[in-house]
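Just below is one structure, and these are the notes that go with it.
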Amino acid sequence: ICLFVFLAFFLFYFLFASYFLDIKKTLPQLHKFFIGAAWVLIIYLTISSIVYFYIKNFQLHNTLYSAIRIVLIVFAIGSVIYAVRKPDKLIRLFCIGTILMVLSATISFIFDAFKIYPPYGEILQAPFSYFLIGNLLDIVFFTFCLGYKNQLDQKERYKLQEQLLLQRNHEQQNRMALILHTQEVERKRVSNDLHDDLGSGLSTIRFLSEVAKS
């Protein structure tokens with residue numbers, strides 16, 4: 001059960017980080033690492049299941065389990081080092097949670113490998129308990145990241161709404177200016193037509209007057 005919980009957490013971690021931080025766009029190289037790590041976990045789970053349920057070589061199963069834990073810890077440390085270089089507060093908050101999770105996983109692995117049982121009570125004597133504590137801390141930082149991301153998304157929505165409102169106001173002003181310009185052009189045209197008609201009428205009256213006098 002501990003094995004499946006461990007693997008399920010890391011799969012969730014990779015998928016969540018990829019979607020939540022949009023690393024496919026912001027950190028494409030790290031996204032490839034995450035996809036590769038997910039496939040490694042799937043392959044390991046398949047091999048480990050065969051070894052455990054069919055071959056029934058429990059020593060090999062435990063060796064594979066220790067090996068995959070080391071690989072994932074190293075991968076997580078490398079991911080943090082790669083991601084923390086990006087000047088993004090959201091990613092750095094995420095990295096803090098990841099560091100705590102990696103630290104707890106490392107302690108759990110060392111205690112389990114060297115059969116160390118701290119005298120802190122029955123619960124804390126179990127090495128896997130430290131891994132669960134690290135996961136809990138990581139979830140707390142996930143929550144902080146969610147709140148911070150929601151705040152950023154809300155600010156972005158407000159910004160887009162303001163831009164849209166300004167654009168609509170600008171378009172409305174342009175329409176009003178076009179209407180006023182059209183009215184002015186029409187007024188001048190009508191004025192010119194009236195002026196021409198009046199001039200033509202006066203010329204006709206003058207001509208008829210001269211004809212009548214003669």
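The chains in the structure tokens are called A, B, ... from first to last as shown; in each chain the residues are counted from 1, and the ligands are counted from 1 in the order shown.
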Got a sec: who's within 8 Å of stretch 63-74 of chain A, counting only C-alpha atoms, leaving out chain neighbours fewer than 4 positions off, as a PDB file with C-alpha atoms, in the first residue's frame?
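Dumped to around-v7.pdb:
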ATOM      1  CA  LEU A   3       4.388   1.718  -2.532  1.00  0.00           C
ATOM      2  CA  ALA A  37       9.493  10.682 -15.115  1.00  0.00           C
ATOM      3  CA  TYR A  44       8.645   0.638 -12.869  1.00  0.00           C
ATOM      4  CA  SER A  48       7.627  -4.242  -9.873  1.00  0.00           C
ATOM      5  CA  GLN A  59      14.375  -8.956  -2.327  1.00  0.00           C
ATOM      6  CA  GLY A  78      17.219  18.625 -10.259  1.00  0.00           C
ATOM      7  CA  VAL A 102      12.118  15.892  -1.118  1.00  0.00           C
ATOM      8  CA  ALA A 105      11.352  11.603   1.325  1.00  0.00           C
ATOM      9  CA  THR A 106      15.128  11.568   1.783  1.00  0.00           C
ATOM     10  CA  PHE A 109      14.554   6.635   2.688  1.00  0.00           C
TER      11      PHE A 109
END
All residues 7 Å or closer to stretch 140-153 of chain A, only C-alpha atoms, same chain fewer than 6 positions away omitted, as a list in words: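 Contacts, with the query itself left out: Leu90, Leu93, Phe94 and Gly97 of chain A.
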Output the selection as a PDB file, in the first residue's frame - all heavy atoms for each residue.
ATOM      1  N   LEU A  90       5.278  32.346  -8.211  1.00  0.00           N
ATOM      2  CA  LEU A  90       4.447  31.151  -8.152  1.00  0.00           C
ATOM      3  C   LEU A  90       5.304  29.890  -8.219  1.00  0.00           C
ATOM      4  O   LEU A  90       5.121  28.949  -7.439  1.00  0.00           O
ATOM      5  CB  LEU A  90       3.434  31.168  -9.293  1.00  0.00           C
ATOM      6  CG  LEU A  90       2.473  29.980  -9.377  1.00  0.00           C
ATOM      7  CD1 LEU A  90       1.603  29.935  -8.122  1.00  0.00           C
ATOM      8  CD2 LEU A  90       1.614  30.074 -10.621  1.00  0.00           C
ATOM      9  N   LEU A  93       7.244  29.419  -4.930  1.00  0.00           N
ATOM     10  CA  LEU A  93       6.411  28.849  -3.870  1.00  0.00           C
ATOM     11  C   LEU A  93       6.248  27.341  -4.068  1.00  0.00           C
ATOM     12  O   LEU A  93       6.316  26.557  -3.117  1.00  0.00           O
ATOM     13  CB  LEU A  93       5.037  29.528  -3.860  1.00  0.00           C
ATOM     14  CG  LEU A  93       4.941  30.913  -3.215  1.00  0.00           C
ATOM     15  CD1 LEU A  93       3.553  31.502  -3.442  1.00  0.00           C
ATOM     16  CD2 LEU A  93       5.246  30.835  -1.729  1.00  0.00           C
ATOM     17  N   PHE A  94       6.040  26.968  -5.304  1.00  0.00           N
ATOM     18  CA  PHE A  94       5.914  25.553  -5.620  1.00  0.00           C
ATOM     19  C   PHE A  94       7.205  24.803  -5.300  1.00  0.00           C
ATOM     20  O   PHE A  94       7.182  23.677  -4.792  1.00  0.00           O
ATOM     21  CB  PHE A  94       5.561  25.402  -7.097  1.00  0.00           C
ATOM     22  CG  PHE A  94       5.325  23.988  -7.523  1.00  0.00           C
ATOM     23  CD1 PHE A  94       4.122  23.369  -7.288  1.00  0.00           C
ATOM     24  CD2 PHE A  94       6.322  23.278  -8.175  1.00  0.00           C
ATOM     25  CE1 PHE A  94       3.898  22.067  -7.691  1.00  0.00           C
ATOM     26  CE2 PHE A  94       6.109  21.970  -8.572  1.00  0.00           C
ATOM     27  CZ  PHE A  94       4.897  21.363  -8.340  1.00  0.00           C
ATOM     28  N   GLY A  97       7.592  23.982  -1.504  1.00  0.00           N
ATOM     29  CA  GLY A  97       6.852  22.775  -1.151  1.00  0.00           C
ATOM     30  C   GLY A  97       7.552  21.515  -1.638  1.00  0.00           C
ATOM     31  O   GLY A  97       7.600  20.497  -0.936  1.00  0.00           O
TER      32      GLY A  97
END
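Atom CA of A:Ile50 is found 25.3 Å from atom CA of A:Ser108.
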Atom CA of A:Phe34 to atom CA of A:Leu21, distance in Å rounded to a single decimal: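 Going from atom CA of A:Phe34 over to atom CA of A:Leu21 covers 12.2 Å.
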Interatomic distance (Å, one decimal) between atom CA of A:Asn57 and atom CA of A:Ala126: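 Separation of atom CA of A:Asn57 and atom CA of A:Ala126: 23.8 Å.
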